[in-house]
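Enquirer: Structure file final35.cif (mmCIF, C-alpha atoms) right here:
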```cif
data_protein
#
loop_
_atom_site.label_atom_id
_atom_site.label_comp_id
_atom_site.auth_asym_id
_atom_site.auth_seq_id
_atom_site.Cartn_x
_atom_site.Cartn_y
_atom_site.Cartn_z
CA MET A 1 62.68 -63.00 6.96
CA PRO A 2 65.66 -60.97 5.82
CA ARG A 3 67.26 -58.73 8.37
CA VAL A 4 66.73 -54.99 8.12
CA LYS A 5 69.78 -52.78 8.05
CA ARG A 6 69.08 -49.35 9.41
CA GLY A 7 72.23 -47.52 8.32
CA THR A 8 70.50 -44.87 6.24
CA HIS A 9 67.85 -44.15 8.88
CA HIS A 10 70.48 -43.93 11.60
CA THR A 11 72.62 -41.57 9.54
CA LYS A 12 69.64 -39.37 8.64
CA HIS A 13 68.49 -39.19 12.28
CA ARG A 14 72.00 -38.36 13.46
CA SER A 15 72.45 -35.62 10.87
CA ASN A 16 69.07 -34.10 11.78
CA VAL A 17 69.95 -34.05 15.48
CA LEU A 18 73.34 -32.49 14.76
CA LYS A 19 71.70 -29.94 12.48
CA ALA A 20 69.37 -28.97 15.32
CA ALA A 21 72.36 -28.71 17.69
CA LYS A 22 74.19 -26.30 15.39
CA GLY A 23 75.52 -23.36 17.37
CA PHE A 24 75.61 -25.20 20.69
CA LYS A 25 78.79 -24.99 22.75
CA TRP A 26 81.50 -27.60 23.17
CA GLY A 27 80.79 -31.24 22.32
CA ARG A 28 77.04 -30.72 22.32
CA LYS A 29 77.23 -29.58 18.71
CA SER A 30 79.29 -32.48 17.38
CA LYS A 31 78.89 -35.55 19.59
CA ILE A 32 75.63 -37.40 19.03
CA LYS A 33 75.20 -38.58 22.63
CA LEU A 34 75.55 -35.05 24.00
CA ALA A 35 73.67 -33.42 21.12
CA LYS A 36 70.64 -35.68 21.59
CA THR A 37 70.05 -34.61 25.20
CA ALA A 38 70.87 -30.98 24.42
CA VAL A 39 68.36 -30.84 21.56
CA THR A 40 65.67 -32.56 23.65
CA LYS A 41 66.15 -30.15 26.54
CA ALA A 42 66.30 -27.17 24.19
CA GLY A 43 62.96 -28.21 22.72
CA ALA A 44 61.41 -28.59 26.17
CA HIS A 45 62.67 -25.17 27.25
CA ALA A 46 61.44 -23.58 24.01
CA TYR A 47 57.97 -25.10 24.49
CA ARG A 48 57.80 -23.91 28.11
CA ASP A 49 59.19 -20.46 27.40
CA ARG A 50 56.72 -19.75 24.61
CA ARG A 51 54.14 -19.73 27.40
CA VAL A 52 56.34 -17.94 29.96
CA LYS A 53 57.06 -15.16 27.42
CA LYS A 54 53.42 -14.06 27.64
CA ARG A 55 53.65 -13.68 31.43
CA VAL A 56 56.96 -11.86 31.27
CA ASN A 57 55.70 -9.39 28.67
CA ARG A 58 52.54 -8.64 30.65
CA ALA A 59 54.65 -7.95 33.75
CA LEU A 60 56.86 -5.61 31.73
CA TRP A 61 53.82 -3.74 30.40
CA GLN A 62 52.52 -3.34 33.94
CA VAL A 63 55.83 -1.87 35.10
CA LYS A 64 55.89 0.63 32.22
CA ILE A 65 52.27 1.69 32.79
CA ASN A 66 52.86 2.01 36.53
CA ALA A 67 55.90 4.25 36.02
CA ALA A 68 53.98 6.51 33.63
CA THR A 69 50.85 6.73 35.79
CA ARG A 70 52.89 7.57 38.89
CA ALA A 71 54.53 10.38 36.92
CA ASN A 72 50.97 11.67 36.39
CA GLY A 73 50.07 11.34 40.08
CA LEU A 74 48.12 8.08 39.96
CA SER A 75 48.87 4.47 40.84
CA TYR A 76 48.64 1.53 38.45
CA ASN A 77 45.72 -0.23 40.11
CA ARG A 78 43.63 2.97 40.39
CA PHE A 79 44.37 3.74 36.75
CA ILE A 80 43.31 0.29 35.51
CA ASP A 81 40.20 0.40 37.72
CA ALA A 82 39.24 3.82 36.35
CA LEU A 83 39.77 2.59 32.76
CA LYS A 84 37.35 -0.28 33.38
CA LYS A 85 34.76 1.97 35.05
CA ARG A 86 34.89 4.45 32.16
CA GLN A 87 34.74 1.49 29.72
CA ILE A 88 37.90 2.56 27.92
CA GLU A 89 39.08 -0.64 26.30
CA VAL A 90 42.77 -0.17 25.60
CA ASP A 91 44.93 -3.18 26.40
CA ARG A 92 48.11 -3.09 28.46
CA LYS A 93 50.37 -3.66 25.46
CA ILE A 94 49.13 -0.49 23.74
CA LEU A 95 49.12 1.50 27.00
CA ALA A 96 52.74 0.50 27.70
CA ASP A 97 53.75 1.47 24.17
CA LEU A 98 52.05 4.86 24.53
CA ALA A 99 53.64 5.40 27.94
CA GLU A 100 57.09 4.71 26.54
CA ASN A 101 56.94 6.29 23.07
CA ASP A 102 54.18 8.91 23.24
CA PRO A 103 53.87 10.28 26.80
CA ALA A 104 51.64 13.21 25.71
CA VAL A 105 48.91 10.86 24.47
CA PHE A 106 49.26 8.72 27.61
CA THR A 107 48.86 11.84 29.77
CA GLU A 108 45.65 12.66 27.89
CA ILE A 109 44.31 9.18 28.63
CA VAL A 110 45.12 9.66 32.31
CA LYS A 111 43.32 13.01 32.28
CA GLN A 112 40.25 11.41 30.65
CA VAL A 113 40.24 8.74 33.33
CA THR A 114 40.64 11.11 36.29
CA LYS A 115 37.80 13.48 35.28
#
```
Spit out the file's structure as C-alpha cells when you get a sec.
Expert:
Amino acid sequence: MPRVKRGTHHTKHRSNVLKAAKGFKWGRKSKIKLAKTAVTKAGAHAYRDRRVKKRVNRALWQVKINAATRANGLSYNRFIDALKKRQIEVDRKILADLAENDPAVFTEIVKQVTK
C-alpha cells in the first residue's frame, strides 16, 4: 500500500485551531501546542458556563426582586409565597425587570399580593 501523507489535513487542522485561538493572549494565539490546550479548555469552560449562566441570572433576579419588595415592606420569600397562593404567574425574570425599570407597576403587584 502507498503511504498516506497528511500535510494538507495537518495544515487545515492547525489553521482551524489557530483561528479559534484568535484574540488569546501571548503565545496561546500563535503557537500550536499552546493554542490546542487553550482552545480545548475554552470550549470546556464555554460548555459549563452556558449552564452556570442560568443559575447566575436567577440569583441576580432574586436579589433585584428582594430589594424592591423590601422597599415595599415585604420580604422576598413572603412575596413569592403570596404570588403562588394568589395564582399570579409572573416569572422572576419579568418581576426583576419590572422592579428595576418600572417600580410603579411592581408596587401595584405587591399591593395586589398583600390584599
Enquirer: Determine the residue set returned by the PyMOL selection byres ((chain A and resi 110) around 9) for the present structure, and present it as a PyMOL selection string.
Expert: chain A and resi 69+72+74+79+83+105-109+111-115
Enquirer: So that I have them on file, write out the residues from the current selection with C-alpha atoms, as an mmCIF file, keeping the file's coordinate frame.
Expert:
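The result, stored in out34.cif:
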```cif
data_model
loop_
_atom_site.group_PDB
_atom_site.id
_atom_site.type_symbol
_atom_site.label_atom_id
_atom_site.label_comp_id
_atom_site.auth_asym_id
_atom_site.auth_seq_id
_atom_site.Cartn_x
_atom_site.Cartn_y
_atom_site.Cartn_z
ATOM 1 C CA THR A 69 50.850 6.730 35.790
ATOM 2 C CA ASN A 72 50.970 11.670 36.390
ATOM 3 C CA LEU A 74 48.120 8.080 39.960
ATOM 4 C CA PHE A 79 44.370 3.740 36.750
ATOM 5 C CA LEU A 83 39.770 2.590 32.760
ATOM 6 C CA VAL A 105 48.910 10.860 24.470
ATOM 7 C CA PHE A 106 49.260 8.720 27.610
ATOM 8 C CA THR A 107 48.860 11.840 29.770
ATOM 9 C CA GLU A 108 45.650 12.660 27.890
ATOM 10 C CA ILE A 109 44.310 9.180 28.630
ATOM 11 C CA LYS A 111 43.320 13.010 32.280
ATOM 12 C CA GLN A 112 40.250 11.410 30.650
ATOM 13 C CA VAL A 113 40.240 8.740 33.330
ATOM 14 C CA THR A 114 40.640 11.110 36.290
ATOM 15 C CA LYS A 115 37.800 13.480 35.280
#
```
Enquirer: Any chance you could resolve the PyMOL selection byres ((chain A and resi 50-63) around 12) against this file and give the residues as a CSV table (one decimal) with C-alpha atoms, in the frame of the given file?
Expert:
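Output file expr36.csv follows:
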```csv
chain,number,residue,atom,x,y,z
A,43,GLY,CA,63.0,-28.2,22.7
A,44,ALA,CA,61.4,-28.6,26.2
A,45,HIS,CA,62.7,-25.2,27.2
A,46,ALA,CA,61.4,-23.6,24.0
A,47,TYR,CA,58.0,-25.1,24.5
A,48,ARG,CA,57.8,-23.9,28.1
A,49,ASP,CA,59.2,-20.5,27.4
A,64,LYS,CA,55.9,0.6,32.2
A,65,ILE,CA,52.3,1.7,32.8
A,66,ASN,CA,52.9,2.0,36.5
A,67,ALA,CA,55.9,4.2,36.0
A,68,ALA,CA,54.0,6.5,33.6
A,69,THR,CA,50.8,6.7,35.8
A,70,ARG,CA,52.9,7.6,38.9
A,75,SER,CA,48.9,4.5,40.8
A,76,TYR,CA,48.6,1.5,38.4
A,77,ASN,CA,45.7,-0.2,40.1
A,79,PHE,CA,44.4,3.7,36.8
A,80,ILE,CA,43.3,0.3,35.5
A,91,ASP,CA,44.9,-3.2,26.4
A,92,ARG,CA,48.1,-3.1,28.5
A,93,LYS,CA,50.4,-3.7,25.5
A,94,ILE,CA,49.1,-0.5,23.7
A,95,LEU,CA,49.1,1.5,27.0
A,96,ALA,CA,52.7,0.5,27.7
A,97,ASP,CA,53.8,1.5,24.2
A,98,LEU,CA,52.0,4.9,24.5
A,99,ALA,CA,53.6,5.4,27.9
A,100,GLU,CA,57.1,4.7,26.5
```
Enquirer: Please compute the CA of His9 in chain A-CA of Lys29 in chain A distance, one decimal, in Å.
Expert: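 Between these atoms lies a distance of 19.9 Å.
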Enquirer: Can you work out the spacing between CA of Leu18 in chain A and CA of Thr40 in chain A in Å, to one decimal?
Expert: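 It comes out at 11.7 Å.
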Enquirer: Can you list, as number ranges by chain, the residues that the PyMOL selection byres ((chain A and resi 36) around 12) selects here?
Expert: A: 13-22, 24, 27-35, 37-43
Enquirer: Distance CA of Arg6 in chain A-CA of Gly23 in chain A, one decimal place?
Expert: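 Computing the Euclidean distance for CA of Arg6 in chain A and CA of Gly23 in chain A yields 27.9 Å.
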